[in-house]
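Colleague: Take this structure first; my questions come after.
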Amino acid sequence: SAFLQEGSKSQAMALASSGFLAVWQGEHEEGLVQIEDSLTIAQRLQEEQMMPLLLMINAIAYISMGRDGTAQPLLRDALELFEQQNLPYFHIITIVLLGNVQLGLGDLEQARALYEEATVRARVLGENWTLSFPLSNLGDVARLQGQYDLAGKYYEECEALLRDTGNTGDLARFVHNLGYVAQHAGDFPRA
């Protein structure tokens, strides 16, 4: 469309934001179109700064639709660009998302390896929320593999990391996961 041909950087960001919000609200197809349009504009403008973020957002849309295989090459491209741009936070998040893709494709070992890599990088970065992200996913892998004690250790570390941040959404998730561990151990009152 003419809109896409004349698109600006701000239009690309607006489309990506709107598309991401739509995906978040379950309007996957509509959101995906907007995100793909934003990528088209950024590619045509050769907006290299924006590209990895838009690729990541596009991949998240695919993951939320269960299209893990489609998300994977986008995340690999984003990973390379975030590394080039020296953006460690986004680099770590992208590694975790690649782990989520492997999980979706049924490769638990590869998912765990990616989450472990992200955890090492996040410890170096020293930012609690970023570290809690791969740790929580390592807990999920351990739980899926029946390693409930190990899962509990990961979830407890996550909870400790975010206890004082007021991040109630993530805290609720970790406490919920600890409930699964307690349930498995037969500690129903604690669960």
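Naming scheme: A, B, ... for chains in displayed order of the structure tokens; residues 1 onward per chain; ligands 1 onward as shown.
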How close does region 56-102 of chain A get to region 131-140 of chain A? List, as CSV, each residue of region 56-102 of chain A within 10 Å, its nearest atom pair and the distance in Å to one decimal, counting only C-alpha atoms.

Modeller:
```
residue,atom,partner,partner_atom,distance
A:Tyr89,CA,A:Leu131,CA,9.9
A:Ile92,CA,A:Pro134,CA,8.6
A:Ile93,CA,A:Phe133,CA,7.9
A:Ile95,CA,A:Pro134,CA,8.8
A:Val96,CA,A:Pro134,CA,6.0
A:Leu97,CA,A:Pro134,CA,9.3
A:Gly99,CA,A:Asn137,CA,8.5
A:Asn100,CA,A:Asn137,CA,8.2
```

Colleague: Write the residues of the selection above to a file with all heavy atoms, as a short mmCIF file (atom, residue, chain, number, x, y, z; two decimals), in the first residue's frame.

Modeller:
```cif
data_model
loop_
_atom_site.label_atom_id
_atom_site.label_comp_id
_atom_site.auth_asym_id
_atom_site.auth_seq_id
_atom_site.Cartn_x
_atom_site.Cartn_y
_atom_site.Cartn_z
N TYR A 89 20.99 -7.07 27.27
CA TYR A 89 19.66 -7.40 27.82
C TYR A 89 18.81 -8.10 26.76
O TYR A 89 18.28 -9.20 26.97
CB TYR A 89 18.97 -6.13 28.33
CG TYR A 89 17.50 -6.30 28.60
CD1 TYR A 89 17.07 -6.90 29.78
CD2 TYR A 89 16.54 -5.88 27.68
CE1 TYR A 89 15.71 -7.09 30.03
CE2 TYR A 89 15.19 -6.06 27.93
CZ TYR A 89 14.79 -6.66 29.10
OH TYR A 89 13.45 -6.86 29.33
N ILE A 92 20.11 -11.57 25.75
CA ILE A 92 19.73 -12.62 26.70
C ILE A 92 18.28 -13.05 26.50
O ILE A 92 17.97 -14.25 26.45
CB ILE A 92 19.97 -12.14 28.16
CG1 ILE A 92 21.48 -12.01 28.42
CG2 ILE A 92 19.33 -13.10 29.17
CD1 ILE A 92 21.82 -11.15 29.63
N ILE A 93 17.38 -12.07 26.37
CA ILE A 93 15.96 -12.37 26.17
C ILE A 93 15.76 -13.20 24.91
O ILE A 93 14.96 -14.14 24.88
CB ILE A 93 15.13 -11.05 26.10
CG1 ILE A 93 15.23 -10.26 27.40
CG2 ILE A 93 13.66 -11.36 25.77
CD1 ILE A 93 14.81 -10.96 28.66
N ILE A 95 17.94 -15.28 23.53
CA ILE A 95 18.41 -16.65 23.79
C ILE A 95 17.30 -17.44 24.50
O ILE A 95 17.03 -18.60 24.17
CB ILE A 95 19.72 -16.65 24.61
CG1 ILE A 95 20.86 -16.02 23.82
CG2 ILE A 95 20.10 -18.09 25.02
CD1 ILE A 95 22.12 -15.76 24.63
N VAL A 96 16.65 -16.79 25.48
CA VAL A 96 15.55 -17.46 26.20
C VAL A 96 14.42 -17.80 25.24
O VAL A 96 13.86 -18.91 25.28
CB VAL A 96 15.03 -16.58 27.37
CG1 VAL A 96 13.81 -17.23 28.03
CG2 VAL A 96 16.12 -16.37 28.42
N LEU A 97 14.09 -16.87 24.36
CA LEU A 97 13.02 -17.12 23.38
C LEU A 97 13.39 -18.26 22.44
O LEU A 97 12.54 -19.09 22.08
CB LEU A 97 12.71 -15.85 22.58
CG LEU A 97 12.03 -14.72 23.37
CD1 LEU A 97 12.02 -13.43 22.57
CD2 LEU A 97 10.60 -15.10 23.76
N GLY A 99 15.21 -20.72 23.35
CA GLY A 99 14.96 -21.89 24.21
C GLY A 99 13.48 -22.26 24.22
O GLY A 99 13.12 -23.44 24.14
N ASN A 100 12.61 -21.25 24.27
CA ASN A 100 11.17 -21.50 24.24
C ASN A 100 10.75 -22.18 22.95
O ASN A 100 9.86 -23.04 22.94
CB ASN A 100 10.39 -20.18 24.40
CG ASN A 100 10.57 -19.55 25.77
OD1 ASN A 100 11.20 -20.13 26.65
ND2 ASN A 100 10.04 -18.36 25.95
#
```

Colleague: Do you know which residues are at most 12 Å from Ala71 (chain A) counting only C-alpha atoms, after dropping those on the same chain fewer than 5 positions away, and could you put them as number ranges by chain?

Modeller: A: 32, 55-66, 76-78, 94, 97-102, 104-105

Colleague: Kindly export the residues of the current selection with C-alpha atoms, as a CSV table (one decimal), in the first residue's frame.

Modeller:
```csv
chain,number,residue,atom,x,y,z
A,32,LEU,CA,0.9,-10.3,12.9
A,55,LEU,CA,12.3,-9.4,14.4
A,56,MET,CA,12.0,-10.4,18.1
A,57,ILE,CA,8.5,-9.0,18.3
A,58,ASN,CA,7.6,-10.8,15.1
A,59,ALA,CA,9.0,-14.1,16.5
A,60,ILE,CA,7.0,-13.6,19.8
A,61,ALA,CA,3.8,-13.3,17.7
A,62,TYR,CA,4.7,-16.6,15.9
A,63,ILE,CA,5.5,-18.4,19.2
A,64,SER,CA,2.2,-17.3,20.7
A,65,MET,CA,0.5,-18.8,17.7
A,66,GLY,CA,2.3,-22.1,18.1
A,76,ARG,CA,18.6,-16.2,15.1
A,77,ASP,CA,18.8,-13.0,13.0
A,78,ALA,CA,17.8,-10.9,15.9
A,94,THR,CA,16.4,-13.6,22.6
A,97,LEU,CA,13.0,-17.1,23.4
A,98,LEU,CA,15.1,-19.5,21.3
A,99,GLY,CA,15.0,-21.9,24.2
A,100,ASN,CA,11.2,-21.5,24.2
A,101,VAL,CA,11.1,-22.4,20.5
A,102,GLN,CA,13.1,-25.6,21.3
A,104,GLY,CA,7.8,-25.9,21.7
A,105,LEU,CA,9.5,-28.2,19.2
```

Colleague: Among region 21-131 of chain A, which residues does DSSP mark as helix (DSSP H, G or I) when it is run on the backbone? Keep the chain and numbering as in the structure and answer as a VMD selection string.

Modeller: chain A and resid 21 to 24 28 to 45 51 to 64 68 to 84 88 to 104 108 to 125 128 to 131

Colleague: Which residue is closest to Arg44 (chain A)? Choose from A:Gly146, A:Gly186, A:Gly19, A:Gly7 and count only C-alpha atoms.

Modeller: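 For Arg44 (chain A), the nearest of the given residues is A:Gly7.
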
Colleague: From the list A:Ser10, A:Ile41, A:Val141, A:Trp129, which residue is nearest Glu116 (chain A) when using only C-alpha atoms?

Modeller: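 Closest to Glu116 (chain A), using only C-alpha atoms: A:Val141.
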
Colleague: Just give me the gap between CA of Gly31 (chain A) and CA of Leu79 (chain A) in Å, one decimal is fine.

Modeller: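 Rounded to one decimal, the two atoms are 22.3 Å apart.
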
Colleague: CA of Gln145 (chain A) and CA of Arg112 (chain A) are how many Å apart?

Modeller: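 Result for CA of Gln145 (chain A) versus CA of Arg112 (chain A): 10.8 Å, one decimal.
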
Colleague: Rounded to one decimal in Å, what is the spacing between CA of Ala16 (chain A) and CA of Leu54 (chain A)?

Modeller: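 Going from CA of Ala16 (chain A) over to CA of Leu54 (chain A) covers 6.9 Å.
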